[in-house]
$ cat entry-v1.csv   # CSV, C-alpha atoms
chain,number,residue,atom,x,y,z
A,20,MET,CA,9.2,33.5,-8.7
A,21,ASN,CA,9.7,37.1,-7.8
A,22,SER,CA,11.1,39.6,-10.3
A,23,SER,CA,14.6,39.4,-8.9
A,24,GLN,CA,15.4,36.0,-10.3
A,25,ARG,CA,14.3,34.3,-13.5
A,26,PRO,CA,12.9,30.7,-13.3
A,27,MET,CA,15.7,28.1,-13.7
A,28,THR,CA,15.9,26.0,-16.8
A,29,ILE,CA,15.7,22.2,-16.5
A,30,PRO,CA,19.5,21.7,-16.6
A,31,GLU,CA,20.0,24.5,-14.0
A,32,LEU,CA,17.4,22.8,-11.8
A,33,LYS,CA,19.2,19.5,-12.0
A,34,SER,CA,22.5,21.2,-11.0
A,35,MET,CA,20.8,23.0,-8.1
A,36,ALA,CA,19.2,19.7,-6.9
A,37,ALA,CA,22.7,18.2,-6.8
A,38,THR,CA,24.0,21.3,-4.8
A,39,ILE,CA,21.1,20.9,-2.4
A,40,ARG,CA,21.9,17.2,-1.9
A,41,CYS,CA,25.5,18.1,-1.1
A,42,ASP,CA,24.2,20.6,1.4
A,43,ILE,CA,22.0,18.0,3.0
A,44,ILE,CA,24.9,15.6,3.5
A,45,ASP,CA,27.2,18.3,4.8
A,46,MET,CA,24.6,19.6,7.3
A,47,ILE,CA,23.7,16.2,8.7
A,48,THR,CA,27.3,15.0,8.9
A,49,THR,CA,28.3,18.2,10.7
A,50,ALA,CA,25.4,17.9,13.1
A,51,ASN,CA,25.9,14.1,13.5
A,52,ALA,CA,22.1,13.9,13.5
A,53,GLY,CA,19.3,14.3,11.1
A,54,HIS,CA,17.2,12.5,8.4
A,55,PRO,CA,19.1,12.0,5.1
A,56,GLY,CA,16.8,9.5,3.4
A,57,GLY,CA,13.6,11.5,3.1
A,58,SER,CA,15.5,14.8,2.6
A,59,LEU,CA,17.3,13.3,-0.4
A,60,SER,CA,14.1,11.7,-1.9
A,61,SER,CA,12.3,15.1,-2.0
A,62,ALA,CA,15.3,17.2,-3.1
A,63,ASP,CA,14.2,17.4,-6.8
A,64,LEU,CA,10.7,18.3,-5.8
A,65,VAL,CA,11.8,21.1,-3.4
A,66,THR,CA,14.3,22.4,-5.9
A,67,ALA,CA,11.6,22.8,-8.6
A,68,LEU,CA,9.3,24.6,-6.3
A,69,TYR,CA,11.8,27.1,-5.0
A,70,PHE,CA,13.7,27.8,-8.2
A,71,ARG,CA,11.1,27.5,-10.8
A,72,ILE,CA,7.5,27.3,-9.6
A,73,MET,CA,6.7,29.3,-6.5
A,74,ARG,CA,6.0,33.0,-6.4
A,75,ILE,CA,8.3,34.1,-3.6
A,76,ASP,CA,10.5,37.0,-2.4
A,77,PRO,CA,13.5,35.9,-0.2
A,78,GLY,CA,14.0,39.6,0.7
A,79,ASN,CA,10.4,39.8,2.0
A,80,PRO,CA,9.6,36.3,3.5
A,81,ALA,CA,6.3,37.6,4.9
A,82,TRP,CA,5.1,39.1,1.6
A,83,PRO,CA,1.3,38.6,1.8
A,84,ASP,CA,0.9,37.6,-1.8
A,85,ARG,CA,3.6,34.9,-1.8
A,86,ASP,CA,3.0,31.3,-2.5
A,87,ARG,CA,3.0,29.2,0.7
A,88,PHE,CA,5.0,26.0,1.3
A,89,ILE,CA,4.6,23.4,4.0
A,90,LEU,CA,6.9,20.5,4.6
A,91,SER,CA,4.5,18.3,6.5
A,92,LYS,CA,7.1,15.6,6.9
A,93,GLY,CA,9.1,18.1,9.0
A,94,HIS,CA,11.9,15.7,9.9
A,95,ALA,CA,13.2,16.1,6.3
A,96,CYS,CA,13.8,19.8,7.0
A,97,PRO,CA,17.5,19.7,5.9
A,98,VAL,CA,16.2,19.8,2.3
A,99,TRP,CA,14.1,22.8,3.1
A,100,TYR,CA,16.9,24.6,4.9
A,101,ALA,CA,19.2,24.0,2.0
A,102,ALA,CA,16.7,25.3,-0.5
A,103,LEU,CA,16.1,28.4,1.6
A,104,ALA,CA,19.8,29.1,2.0
A,105,GLU,CA,20.5,28.6,-1.7
A,106,ARG,CA,17.6,30.8,-2.6
A,107,GLY,CA,18.8,33.6,-0.4
A,108,TYR,CA,16.6,33.6,2.7
A,109,PHE,CA,19.6,33.5,5.0
A,110,ASP,CA,23.3,33.1,4.8
A,111,LYS,CA,24.6,29.6,4.0
A,112,SER,CA,26.9,29.7,7.0
A,113,HIS,CA,23.8,28.8,9.1
A,114,LEU,CA,23.7,25.4,7.5
A,115,GLY,CA,26.6,24.3,9.6
A,116,THR,CA,24.5,25.0,12.8
A,117,LEU,CA,21.8,22.4,12.2
A,118,ARG,CA,20.3,21.2,15.4
A,119,ARG,CA,22.5,23.3,17.6
A,120,MET,CA,21.2,25.1,20.6
A,121,ASN,CA,20.0,28.6,19.7
A,122,SER,CA,20.4,27.9,15.9
A,123,ILE,CA,17.8,29.2,13.5
A,124,LEU,CA,17.8,25.7,12.0
A,125,GLN,CA,16.3,23.2,14.5
A,126,GLY,CA,15.7,19.5,14.0
A,127,HIS,CA,12.1,20.3,12.9
A,128,PRO,CA,11.1,23.5,11.1
A,129,ASP,CA,10.0,26.4,13.3
A,130,MET,CA,8.3,29.4,11.8
A,131,ARG,CA,9.4,31.5,14.8
A,132,LYS,CA,13.1,30.9,14.2
A,133,THR,CA,13.7,30.5,10.5
A,134,PRO,CA,13.1,33.0,7.7
A,135,GLY,CA,10.9,31.5,5.0
A,136,ILE,CA,9.2,28.9,7.1
A,137,ASP,CA,5.5,29.2,6.6
A,138,MET,CA,4.4,26.5,9.1
A,139,THR,CA,6.0,24.8,12.0
A,140,ALA,CA,6.1,21.0,11.6
A,141,GLY,CA,6.9,18.1,13.9
A,142,SER,CA,4.1,15.8,14.7
A,143,LEU,CA,3.1,14.1,11.4
A,144,GLY,CA,-0.3,14.5,9.8
A,145,HIS,CA,-0.9,18.2,10.4
A,146,GLY,CA,0.6,19.9,7.4
A,147,LEU,CA,-2.3,19.3,4.9
A,148,SER,CA,-4.8,20.7,7.4
A,149,ALA,CA,-2.6,23.9,7.8
A,150,GLY,CA,-2.3,24.2,4.1
A,151,LEU,CA,-6.1,23.8,3.7
A,152,GLY,CA,-6.6,26.7,6.1
A,153,MET,CA,-4.1,28.9,4.1
A,154,ALA,CA,-5.8,28.0,0.8
A,155,LEU,CA,-9.3,28.6,2.1
A,156,SER,CA,-8.1,31.9,3.6
A,157,GLY,CA,-6.7,32.9,0.2
A,158,LYS,CA,-10.0,32.1,-1.5
A,159,LEU,CA,-12.1,34.0,1.0
A,160,ARG,CA,-9.8,37.1,0.7
A,161,LYS,CA,-9.6,36.7,-3.1
A,162,LYS,CA,-5.9,36.3,-3.1
A,163,ASP,CA,-4.2,34.4,-6.0
A,164,TYR,CA,-1.4,32.7,-4.1
A,165,HIS,CA,-0.9,28.9,-4.2
A,166,VAL,CA,-0.3,26.6,-1.3
A,167,TRP,CA,2.1,23.6,-1.7
A,168,VAL,CA,2.3,20.8,0.8
A,169,ILE,CA,4.8,17.9,0.7
A,170,LEU,CA,3.6,14.8,2.5
A,171,GLY,CA,5.4,11.5,3.3
A,172,ASP,CA,3.8,8.3,2.3
A,173,GLY,CA,4.1,6.9,5.8
A,174,GLU,CA,2.5,10.1,7.0
A,175,ILE,CA,-0.7,9.5,5.1
A,176,GLN,CA,-1.4,6.7,7.5
A,177,GLU,CA,-2.6,9.5,9.8
A,178,GLY,CA,-6.4,10.0,9.7
A,179,SER,CA,-6.1,13.8,9.9
A,180,VAL,CA,-4.7,13.8,6.4
A,181,TRP,CA,-7.9,12.3,5.0
A,182,GLU,CA,-10.1,14.7,7.0
A,183,ALA,CA,-8.2,17.6,5.3
A,184,ALA,CA,-8.4,15.9,1.9
A,185,MET,CA,-12.1,15.6,2.3
A,186,SER,CA,-12.5,19.2,3.3
A,187,ALA,CA,-10.2,20.5,0.5
A,188,ALA,CA,-12.4,18.8,-2.2
A,189,LYS,CA,-15.6,20.1,-0.6
A,190,TRP,CA,-14.3,23.7,-0.9
A,191,LYS,CA,-12.9,23.1,-4.4
A,192,LEU,CA,-9.5,24.5,-3.3
A,193,ASP,CA,-7.7,24.5,-6.6
A,194,ASN,CA,-5.1,26.8,-5.1
A,195,LEU,CA,-3.9,23.8,-3.0
A,196,THR,CA,-1.5,21.2,-4.2
A,197,ALA,CA,-0.3,18.2,-2.1
A,198,ILE,CA,2.8,16.4,-3.3
A,199,LEU,CA,3.2,12.9,-2.0
A,200,ASP,CA,6.9,11.8,-1.6
A,201,ARG,CA,6.2,8.1,-2.4
A,202,ASN,CA,9.5,6.6,-1.4
A,203,ARG,CA,7.9,3.5,0.2
A,204,LEU,CA,9.9,3.5,3.4
A,205,GLN,CA,9.2,5.1,6.8
A,206,ASN,CA,10.9,5.3,10.2
A,207,ASP,CA,12.0,1.6,10.6
A,208,ALA,CA,10.2,-0.4,7.9
A,209,CYS,CA,8.5,-0.5,4.6
A,210,VAL,CA,5.3,1.4,4.4
A,211,VAL,CA,3.4,-1.7,3.1
A,212,ASP,CA,4.5,-3.6,6.2
A,213,VAL,CA,3.6,-1.0,8.8
A,214,MET,CA,0.2,0.0,7.3
A,215,PRO,CA,-0.5,-0.5,3.6
A,216,ILE,CA,-1.8,2.6,1.8
A,217,GLU,CA,-2.5,1.3,-1.7
A,218,PRO,CA,-4.3,2.1,-3.9
A,219,VAL,CA,-3.0,5.6,-3.2
A,220,ALA,CA,-4.1,7.3,-6.5
A,221,ASP,CA,-7.6,5.8,-6.3
A,222,LYS,CA,-8.1,6.9,-2.7
A,223,TRP,CA,-7.2,10.5,-3.5
A,224,LYS,CA,-9.4,10.5,-6.6
A,225,ALA,CA,-12.3,9.1,-4.5
A,226,PHE,CA,-11.9,12.0,-2.1
A,227,GLY,CA,-12.4,14.4,-5.1
A,228,TRP,CA,-8.8,15.3,-5.9
A,229,ARG,CA,-7.2,15.5,-9.3
A,230,VAL,CA,-4.3,13.1,-9.3
A,231,VAL,CA,-1.1,13.3,-11.4
A,232,GLU,CA,1.5,10.5,-11.2
A,233,ILE,CA,5.1,11.2,-12.0
A,234,ASP,CA,8.7,10.1,-11.5
A,235,GLY,CA,9.7,12.3,-8.6
A,236,HIS,CA,13.3,12.5,-9.9
A,237,ASP,CA,12.6,13.4,-13.5
A,238,MET,CA,12.8,17.2,-13.5
A,239,ASN,CA,10.8,17.5,-16.8
A,240,GLN,CA,7.9,15.6,-15.3
A,241,ILE,CA,8.1,17.5,-12.0
A,242,VAL,CA,8.0,20.9,-13.6
A,243,GLU,CA,5.1,19.9,-16.0
A,244,ALA,CA,3.1,18.5,-13.1
A,245,LEU,CA,3.6,21.4,-10.8
A,246,GLU,CA,2.9,24.0,-13.5
A,247,GLY,CA,-0.2,22.1,-14.4
A,248,ALA,CA,-1.3,22.0,-10.8
A,249,LYS,CA,-1.0,25.8,-10.5
A,250,SER,CA,-3.2,26.4,-13.5
A,251,TYR,CA,-5.8,23.7,-12.9
A,252,THR,CA,-9.2,24.9,-11.7
A,253,GLY,CA,-12.1,23.3,-9.9
A,254,ALA,CA,-10.4,20.9,-7.5
A,255,PRO,CA,-7.2,20.4,-5.5
A,256,THR,CA,-4.3,18.4,-7.1
A,257,LEU,CA,-2.3,15.5,-5.6
A,258,VAL,CA,1.0,15.0,-7.3
A,259,LEU,CA,1.9,11.4,-6.6
A,260,ALA,CA,5.7,11.5,-7.0
A,261,HIS,CA,7.4,8.1,-7.1
A,262,THR,CA,10.8,8.6,-5.4
A,263,VAL,CA,13.7,6.7,-4.0
A,264,LYS,CA,14.6,7.2,-0.4
A,265,GLY,CA,18.2,8.3,-0.1
A,266,LYS,CA,18.2,9.2,-3.9
A,267,GLY,CA,21.7,10.3,-5.2
A,268,VAL,CA,23.7,8.3,-2.7
A,269,SER,CA,23.9,4.6,-3.8
A,270,TYR,CA,24.6,3.1,-0.4
A,271,MET,CA,21.6,5.0,1.1
A,272,GLU,CA,19.1,4.3,-1.6
A,273,ASN,CA,16.1,2.1,-0.5
A,274,VAL,CA,17.9,1.4,2.8
A,275,VAL,CA,15.5,2.0,5.7
A,276,GLU,CA,18.4,2.5,8.2
A,277,TRP,CA,19.2,5.8,6.5
A,278,HIS,CA,15.9,7.3,7.5
A,279,GLY,CA,17.4,9.0,10.5
A,280,LYS,CA,21.1,8.3,10.7
A,281,ALA,CA,24.0,10.6,10.0
A,282,PRO,CA,26.9,9.5,7.9
A,283,CYS,CA,30.4,9.4,9.3
A,284,LYS,CA,33.1,11.6,7.7
A,285,GLU,CA,34.3,8.9,5.3
A,286,GLU,CA,30.7,8.0,4.3
A,287,ALA,CA,29.9,11.6,3.7
A,288,GLU,CA,33.0,12.0,1.5
A,289,CYS,CA,31.8,9.1,-0.6
A,290,ALA,CA,28.3,10.5,-0.9
A,291,LEU,CA,29.5,14.0,-1.9
A,292,GLU,CA,31.8,12.5,-4.5
A,293,GLU,CA,29.0,10.4,-6.0
A,294,ILE,CA,26.5,13.3,-6.1
A,295,ARG,CA,29.0,15.6,-7.8
A,296,ARG,CA,30.1,12.9,-10.3
A,297,CYS,CA,26.5,12.1,-11.3
A,298,ALA,CA,25.7,15.8,-11.7
A,299,CYS,CA,28.6,16.2,-14.1
A,300,GLU,CA,27.5,13.2,-16.1
A,301,SER,CA,23.8,14.2,-16.4

$ encode --input "entry-v1.csv" --output "structure tokens"
Amino acid sequence: MNSSQRPMTIPELKSMAATIRCDIIDMITTANAGHPGGSLSSADLVTALYFRIMRIDPGNPAWPDRDRFILSKGHACPVWYAALAERGYFDKSHLGTLRRMNSILQGHPDMRKTPGIDMTAGSLGHGLSAGLGMALSGKLRKKDYHVWVILGDGEIQEGSVWEAAMSAAKWKLDNLTAILDRNRLQNDACVVDVMPIEPVADKWKAFGWRVVEIDGHDMNQIVEALEGAKSYTGAPTLVLAHTVKGKGVSYMENVVEWHGKAPCKEEAECALEEIRRCACES
């Protein structure tokens, strides 16, 4: 965090995660396009990073000593845009322009258009390699920033992810943390049916990474794992976050069709009501 905002408490993080989920639903419904499932599954992780963990300055997005963040599964960018807006990188009015021509918020994140975007994403499998380069650069220049990369579990079917994993361990990049959004669904099927990836934890350990498994919706576990990753030395960390695709909206949860489909107005109203009700009860 930067000095202008204190790190949020766990209850505050839970409340902000609910706000970000509402932003996601509003954005995708207004655009009539987007990817709600993976955005909602990673909402708690992104909230913890932007409002508790990362050293950042929204007033100076290019601050050389900031922590870096890459959403390698770039189609889930509504969660990133919502966090950036809520954190003050740009006015929230932009959220209503998702995917419009000339908007700063395109269907995949673009570092040339959006304040706070550290790496353009689109084609899957590239984010960890970019994060590796940022982390290695930091080591060589004796910088103390940390690099955070969120990966999709379908995405790690890409071979380039494992090349980056091998290299990061070789260089002992303890300033690099990968967070795996393990929601078990990808574009149009279950991950296990498209290309099985288990045993995930053992594979990352075999590549020389420290692995921490958590419930990716338990804010206490998330914060503990991310804070631990930032202080760990000697190897990169993989936070294996077990999540639910579409988390927070019961009719979207674990339903593969909500990978890339926008809710209609009535569906969105139901989703928003449910998210807000659950936030009040928690």

$ residues_around --input "entry-v1.csv" --residues "Ser34 (chain A)" --least-positions-apart "6" --cutoff "9 Å" --atoms "all atoms listed in the file" --output "MDAnalysis selection string"
chainID A and resid 298:299 301

$ write_last_selection --input "entry-v1.csv" --atoms "C-alpha atoms" --output "short mmCIF file (atom, residue, chain, number, x, y, z; two decimals), keeping the file's coordinate frame"
data_model
loop_
_atom_site.label_atom_id
_atom_site.label_comp_id
_atom_site.auth_asym_id
_atom_site.auth_seq_id
_atom_site.Cartn_x
_atom_site.Cartn_y
_atom_site.Cartn_z
CA ALA A 298 25.70 15.80 -11.70
CA CYS A 299 28.60 16.20 -14.10
CA SER A 301 23.80 14.20 -16.40
#

$ closest_residue --input "entry-v1.csv" --among "A:Asn273, A:Asn194, A:Ser91, A:Asn121" --to "Val180 (chain A)" --atoms "all atoms listed in the file"
A:Ser91

$ residues_around --input "entry-v1.csv" --residues "Val213 (chain A)" --least-positions-apart "3" --cutoff "12 Å" --atoms "only C-alpha atoms" --output "number ranges by chain"
A: 172-176, 203-210, 216

$ residues_near_point --input "entry-v1.csv" --point "(31.4, 14.2, 10.1)" --cutoff "8 Å" --atoms "only C-alpha atoms" --output "number ranges by chain"
A: 45, 48-51, 282-285, 287

$ atom_distance --input "entry-v1.csv" --atom1 "CA of Pro26 (chain A)" --atom2 "CA of Pro255 (chain A)"
23.9 Å

$ build_atoms --input "entry-v1.csv" --residues "region 53-84 of chain A" --atoms "N, CA and C atoms" --output "mmCIF file, in the frame of the given file"
data_model
loop_
_atom_site.group_PDB
_atom_site.id
_atom_site.type_symbol
_atom_site.label_atom_id
_atom_site.label_comp_id
_atom_site.auth_asym_id
_atom_site.auth_seq_id
_atom_site.Cartn_x
_atom_site.Cartn_y
_atom_site.Cartn_z
ATOM 1 N N GLY A 53 20.168 13.787 12.114
ATOM 2 C CA GLY A 53 19.300 14.300 11.100
ATOM 3 C C GLY A 53 18.701 13.132 10.257
ATOM 4 N N HIS A 54 17.953 13.495 9.225
ATOM 5 C CA HIS A 54 17.200 12.500 8.400
ATOM 6 C C HIS A 54 17.615 12.648 6.947
ATOM 7 N N PRO A 55 18.631 11.907 6.518
ATOM 8 C CA PRO A 55 19.100 12.000 5.100
ATOM 9 C C PRO A 55 18.138 11.396 4.113
ATOM 10 N N GLY A 56 17.554 10.231 4.435
ATOM 11 C CA GLY A 56 16.800 9.500 3.400
ATOM 12 C C GLY A 56 15.657 10.262 2.812
ATOM 13 N N GLY A 57 14.755 10.798 3.635
ATOM 14 C CA GLY A 57 13.600 11.500 3.100
ATOM 15 C C GLY A 57 13.959 12.931 2.638
ATOM 16 N N SER A 58 15.064 13.474 3.109
ATOM 17 C CA SER A 58 15.500 14.800 2.600
ATOM 18 C C SER A 58 16.001 14.596 1.144
ATOM 19 N N LEU A 59 16.763 13.531 0.902
ATOM 20 C CA LEU A 59 17.300 13.300 -0.400
ATOM 21 C C LEU A 59 16.181 12.885 -1.408
ATOM 22 N N SER A 60 15.183 12.142 -0.942
ATOM 23 C CA SER A 60 14.100 11.700 -1.900
ATOM 24 C C SER A 60 13.283 12.867 -2.359
ATOM 25 N N SER A 61 13.177 13.929 -1.574
ATOM 26 C CA SER A 61 12.300 15.100 -2.000
ATOM 27 C C SER A 61 13.141 16.247 -2.520
ATOM 28 N N ALA A 62 14.446 16.071 -2.714
ATOM 29 C CA ALA A 62 15.300 17.200 -3.100
ATOM 30 C C ALA A 62 14.910 17.750 -4.502
ATOM 31 N N ASP A 63 14.564 16.891 -5.448
ATOM 32 C CA ASP A 63 14.200 17.400 -6.800
ATOM 33 C C ASP A 63 12.891 18.149 -6.741
ATOM 34 N N LEU A 64 11.952 17.683 -5.945
ATOM 35 C CA LEU A 64 10.700 18.300 -5.800
ATOM 36 C C LEU A 64 10.803 19.729 -5.192
ATOM 37 N N VAL A 65 11.561 19.810 -4.110
ATOM 38 C CA VAL A 65 11.800 21.100 -3.400
ATOM 39 C C VAL A 65 12.527 22.065 -4.302
ATOM 40 N N THR A 66 13.513 21.565 -5.023
ATOM 41 C CA THR A 66 14.300 22.400 -5.900
ATOM 42 C C THR A 66 13.379 23.041 -6.991
ATOM 43 N N ALA A 67 12.546 22.238 -7.601
ATOM 44 C CA ALA A 67 11.600 22.800 -8.600
ATOM 45 C C ALA A 67 10.716 23.829 -8.073
ATOM 46 N N LEU A 68 10.204 23.609 -6.881
ATOM 47 C CA LEU A 68 9.300 24.600 -6.300
ATOM 48 C C LEU A 68 10.009 25.916 -6.019
ATOM 49 N N TYR A 69 11.177 25.880 -5.408
ATOM 50 C CA TYR A 69 11.800 27.100 -5.000
ATOM 51 C C TYR A 69 12.573 27.855 -6.080
ATOM 52 N N PHE A 70 12.937 27.152 -7.137
ATOM 53 C CA PHE A 70 13.700 27.800 -8.200
ATOM 54 C C PHE A 70 13.042 27.891 -9.530
ATOM 55 N N ARG A 71 11.777 27.458 -9.587
ATOM 56 C CA ARG A 71 11.100 27.500 -10.800
ATOM 57 C C ARG A 71 9.568 27.876 -10.664
ATOM 58 N N ILE A 72 8.940 27.278 -9.683
ATOM 59 C CA ILE A 72 7.500 27.300 -9.600
ATOM 60 C C ILE A 72 6.891 28.351 -8.716
ATOM 61 N N MET A 73 7.375 28.468 -7.513
ATOM 62 C CA MET A 73 6.700 29.300 -6.500
ATOM 63 C C MET A 73 6.939 30.793 -6.716
ATOM 64 N N ARG A 74 5.918 31.561 -6.410
ATOM 65 C CA ARG A 74 6.000 33.000 -6.400
ATOM 66 C C ARG A 74 6.432 33.445 -4.996
ATOM 67 N N ILE A 75 7.680 33.838 -4.862
ATOM 68 C CA ILE A 75 8.300 34.100 -3.600
ATOM 69 C C ILE A 75 9.212 35.323 -3.662
ATOM 70 N N ASP A 76 9.563 35.876 -2.508
ATOM 71 C CA ASP A 76 10.500 37.000 -2.400
ATOM 72 C C ASP A 76 11.396 36.745 -1.207
ATOM 73 N N PRO A 77 12.612 36.189 -1.368
ATOM 74 C CA PRO A 77 13.500 35.900 -0.200
ATOM 75 C C PRO A 77 13.778 37.191 0.607
ATOM 76 N N GLY A 78 13.745 38.360 -0.030
ATOM 77 C CA GLY A 78 14.000 39.600 0.700
ATOM 78 C C GLY A 78 12.811 40.046 1.537
ATOM 79 N N ASN A 79 11.662 39.441 1.305
ATOM 80 C CA ASN A 79 10.400 39.800 2.000
ATOM 81 C C ASN A 79 9.686 38.482 2.327
ATOM 82 N N PRO A 80 10.180 37.657 3.274
ATOM 83 C CA PRO A 80 9.600 36.300 3.500
ATOM 84 C C PRO A 80 8.105 36.392 3.909
ATOM 85 N N ALA A 81 7.658 37.501 4.474
ATOM 86 C CA ALA A 81 6.300 37.600 4.900
ATOM 87 C C ALA A 81 5.376 38.310 3.871
ATOM 88 N N TRP A 82 5.850 38.454 2.645
ATOM 89 C CA TRP A 82 5.100 39.100 1.600
ATOM 90 C C TRP A 82 3.681 38.447 1.520
ATOM 91 N N PRO A 83 2.631 39.227 1.690
ATOM 92 C CA PRO A 83 1.300 38.600 1.800
ATOM 93 C C PRO A 83 0.837 37.872 0.553
ATOM 94 N N ASP A 84 1.348 38.217 -0.617
ATOM 95 C CA ASP A 84 0.900 37.600 -1.800
ATOM 96 C C ASP A 84 1.802 36.424 -2.299
#
